[in-house]
Structures are given as structure tokens and as C-alpha cells.
Amino acid sequence: MKMLSKIKKIYGAFTRAGIQDAVAYRASFLGFFIGEIFICFVMYFIWRAVYMSKGDSSFMGFTMTDMMVYVFMSNIATFLVGTDATYSIAEEIKDGSIIMRLIKPVKVDLSFLFFELGNKIMIIVCIIGPIIFGLELYRYYAIGHIAFKLSRFILFMISISISYILSFYLNLIFGYLAFFLMNLWGFNILKESIIKFLSGSIIPLAFFPEVISKIFTYLPFASLTYTPVMIYMEKYNGYTLAFNLFLQVFWLVFFVTASRLMWKWAEKRIAVQGG
């Protein structure tokens, strides 16, 4: 309890700043959200065309209703686990402002993390509820009964929380490369494209050939989006559910440890542009 109280006292200000930032730039926030919803509907009509051309109600174990839920939930998951860690730390390294964090009695990674948590709180409060309500209403009319389960939603929130912290530290590691490369703009675009593909954000990993699907499932990228969505949709049960949650925790510990080691190595040779 003392540890939690200490963390709240030290980093609570960063979270409040994150909330204020989301409120201050609400027009940008809303515009991005509308754009994401538009993409969801585009993907829906693409998959609808695929199912209609196939002439079957099921494809690779997914019904059209499943695909509708998957498309929207994968975009929600991507929205929730999205992080500016790479961009934020890379920019501070470039302009030299990273020094201001180094002279403060806070951990650099946690100061970035708690600031972003403020933004995530706004997303959960303003967006997640209405979208999930709309999806479950659609499922009710499509299959004739209520499919929503509170236990699954709780598991989804636990899984997506692990996914976000995993995503944050994965991106933080990439951001630390700015200590050596200085400019990560092009590499960041490449990284985002690879993550979207391998995390199942574009195509469910189950649609790949079995061997490739299994390999992709074991990689850390599947833990970002695919695992939380499959948990919510009840595609993961029993041993598979427990194993994939364990896999998420494993990758989380791995990347937190790797980021701490990389930071210790990087701070010994800080050379910032403008610093």
C-alpha cells in the first residue's frame, strides 16, 4: 500500500496532465476516433463482400457476425494499446529536453507511461462503452440472444491492460534507438506496419496457414491485439485462454526488463541534438 501511495503521489501529476492534454485537444481526439470508425465500416463491407462471394455463413471458423465483432474490437484494441512512446521520447532526445526528465526524481519510463494513462482514461470513459454497447446490440439482432458476458469483458480488460503496457515498453525500446540513430521517422512507419500485420489488426491470425498462424501467435505482436479480441469473442477457452494470458505476461516481463537494460546502456552515452 505504501508503494502504491508513493507511486500515486509522484506520478499522479503526470496522469492528470495526460487527462488535461486529451481534453485540450478533444477536436483532434474526436477526429482521429471518427477516422478509426470509418475504417471499421470499410473493413466491414470488404469482409461482407468476401462472405457473399463465398456463399457460406462461415469462413475459417468465423461467421459474418463474428467478423463484424472482430473488426470493431480489433480496432478498439489497437486504439487502446496505441502509444506515442516512440515518438515522444525520440523527439525529446532530438531537441535535448530529455535532460529535464533526467534531473527530476522520477523514472523516465514511468513518467511517460503515467502521462499516457491519462489519455487512456479518456478513451475508456468516452469511447469504449458506446462502441461495445452498439456491437452487442448488433449481435443481439443478428443471433437472437444476448452474447455479452461480464466475465469475458473483465478478462478482456485485464488482457488489454497487459497489452497496453507491453506495447508501451516495446515502443519505448524502439524510441531509445534515437540515442543512436537520432531520427526514427522512417523506421517508426515500418515498425507500425509490421506490428499491424503481425498483431492481427488487419487479418485474423487464424486465417493464415496453420504453421504460420502458430508462429505468429507465439510472437509478442499477437499479445497486443489478437489475444484480447479472441478472449472477448470466446474463441479462447480453458487451457488456450490460460496459456495466452501467460504468454502476454511473459512478453511483458521480457520487454520491461529489456527496456530497463537498454536505458542503462543508452544513458551512458547520451548525445542529443540541441542538448
# chains A, B, ... in the order shown; residues from 1 in each chain; ligands from 1
call {"tool": "select_by_dssp", "arguments": {"residues": "stretch 21-247 of chain A", "states": "helix (DSSP H, G or I)", "output": "JSON, numbers by chain"}}
result
{"A": [21, 22, 23, 24, 26, 27, 28, 29, 30, 31, 32, 33, 34, 35, 36, 37, 38, 39, 40, 41, 42, 43, 44, 45, 46, 47, 48, 49, 50, 51, 52, 53, 54, 64, 65, 66, 67, 68, 69, 70, 71, 72, 73, 74, 75, 76, 77, 78, 79, 80, 81, 85, 86, 87, 88, 89, 90, 91, 92, 93, 94, 95, 98, 99, 100, 101, 102, 108, 109, 110, 111, 112, 113, 114, 115, 116, 117, 118, 119, 120, 121, 122, 123, 124, 125, 126, 127, 128, 129, 130, 131, 132, 133, 134, 135, 136, 137, 138, 139, 140, 141, 142, 143, 150, 151, 152, 153, 154, 155, 156, 157, 158, 159, 160, 161, 162, 163, 164, 165, 166, 167, 168, 169, 170, 171, 172, 173, 174, 175, 176, 178, 179, 180, 181, 185, 186, 187, 188, 189, 190, 191, 192, 193, 194, 195, 196, 197, 198, 205, 206, 207, 210, 211, 212, 213, 214, 215, 216, 217, 218, 220, 221, 222, 223, 226, 227, 228, 229, 230, 231, 232, 238, 239, 240, 241, 242, 243, 244, 245, 246, 247]}
call {"tool": "residues_around", "arguments": {"residues": "A:Tyr138", "least_positions_apart": "4", "cutoff": "12 Å", "atoms": "only C-alpha atoms", "output": "ChimeraX atom specification"}}
result
/A:64-66,68-69,72,131-134,142-148
call {"tool": "write_last_selection", "arguments": {"atoms": "C-alpha atoms", "output": "PDB file, in the first residue's frame"}}
result
ATOM      1  CA  MET A  64     -20.140 -12.816 -40.606  1.00  0.00           C
ATOM      2  CA  THR A  65     -21.347 -11.683 -37.181  1.00  0.00           C
ATOM      3  CA  ASP A  66     -18.027 -12.813 -35.691  1.00  0.00           C
ATOM      4  CA  MET A  68     -18.202  -7.711 -37.591  1.00  0.00           C
ATOM      5  CA  VAL A  69     -17.333  -8.012 -33.899  1.00  0.00           C
ATOM      6  CA  PHE A  72     -14.591  -3.359 -34.434  1.00  0.00           C
ATOM      7  CA  ILE A 131     -18.957   1.116 -29.095  1.00  0.00           C
ATOM      8  CA  ILE A 132     -19.326  -2.118 -27.143  1.00  0.00           C
ATOM      9  CA  PHE A 133     -22.988  -1.325 -26.473  1.00  0.00           C
ATOM     10  CA  GLY A 134     -23.531  -0.832 -30.220  1.00  0.00           C
ATOM     11  CA  ALA A 142     -28.018 -10.921 -35.597  1.00  0.00           C
ATOM     12  CA  ILE A 143     -28.105 -14.077 -33.465  1.00  0.00           C
ATOM     13  CA  GLY A 144     -31.309 -13.544 -31.451  1.00  0.00           C
ATOM     14  CA  HIS A 145     -29.892 -13.593 -27.926  1.00  0.00           C
ATOM     15  CA  ILE A 146     -27.591 -11.585 -25.662  1.00  0.00           C
ATOM     16  CA  ALA A 147     -23.997 -12.740 -26.222  1.00  0.00           C
ATOM     17  CA  PHE A 148     -22.341 -10.263 -23.867  1.00  0.00           C
TER      18      PHE A 148
END
call {"tool": "atom_distance", "arguments": {"atom1": "atom CA of A:Glu36", "atom2": "atom CA of A:Asn244"}}
result
26.8 Å
call {"tool": "residues_around", "arguments": {"residues": "A:Phe41", "least_positions_apart": "3", "cutoff": "12 Å", "atoms": "only C-alpha atoms", "output": "PyMOL selection string"}}
result
chain A and resi 34-38+44-48+67-72+75
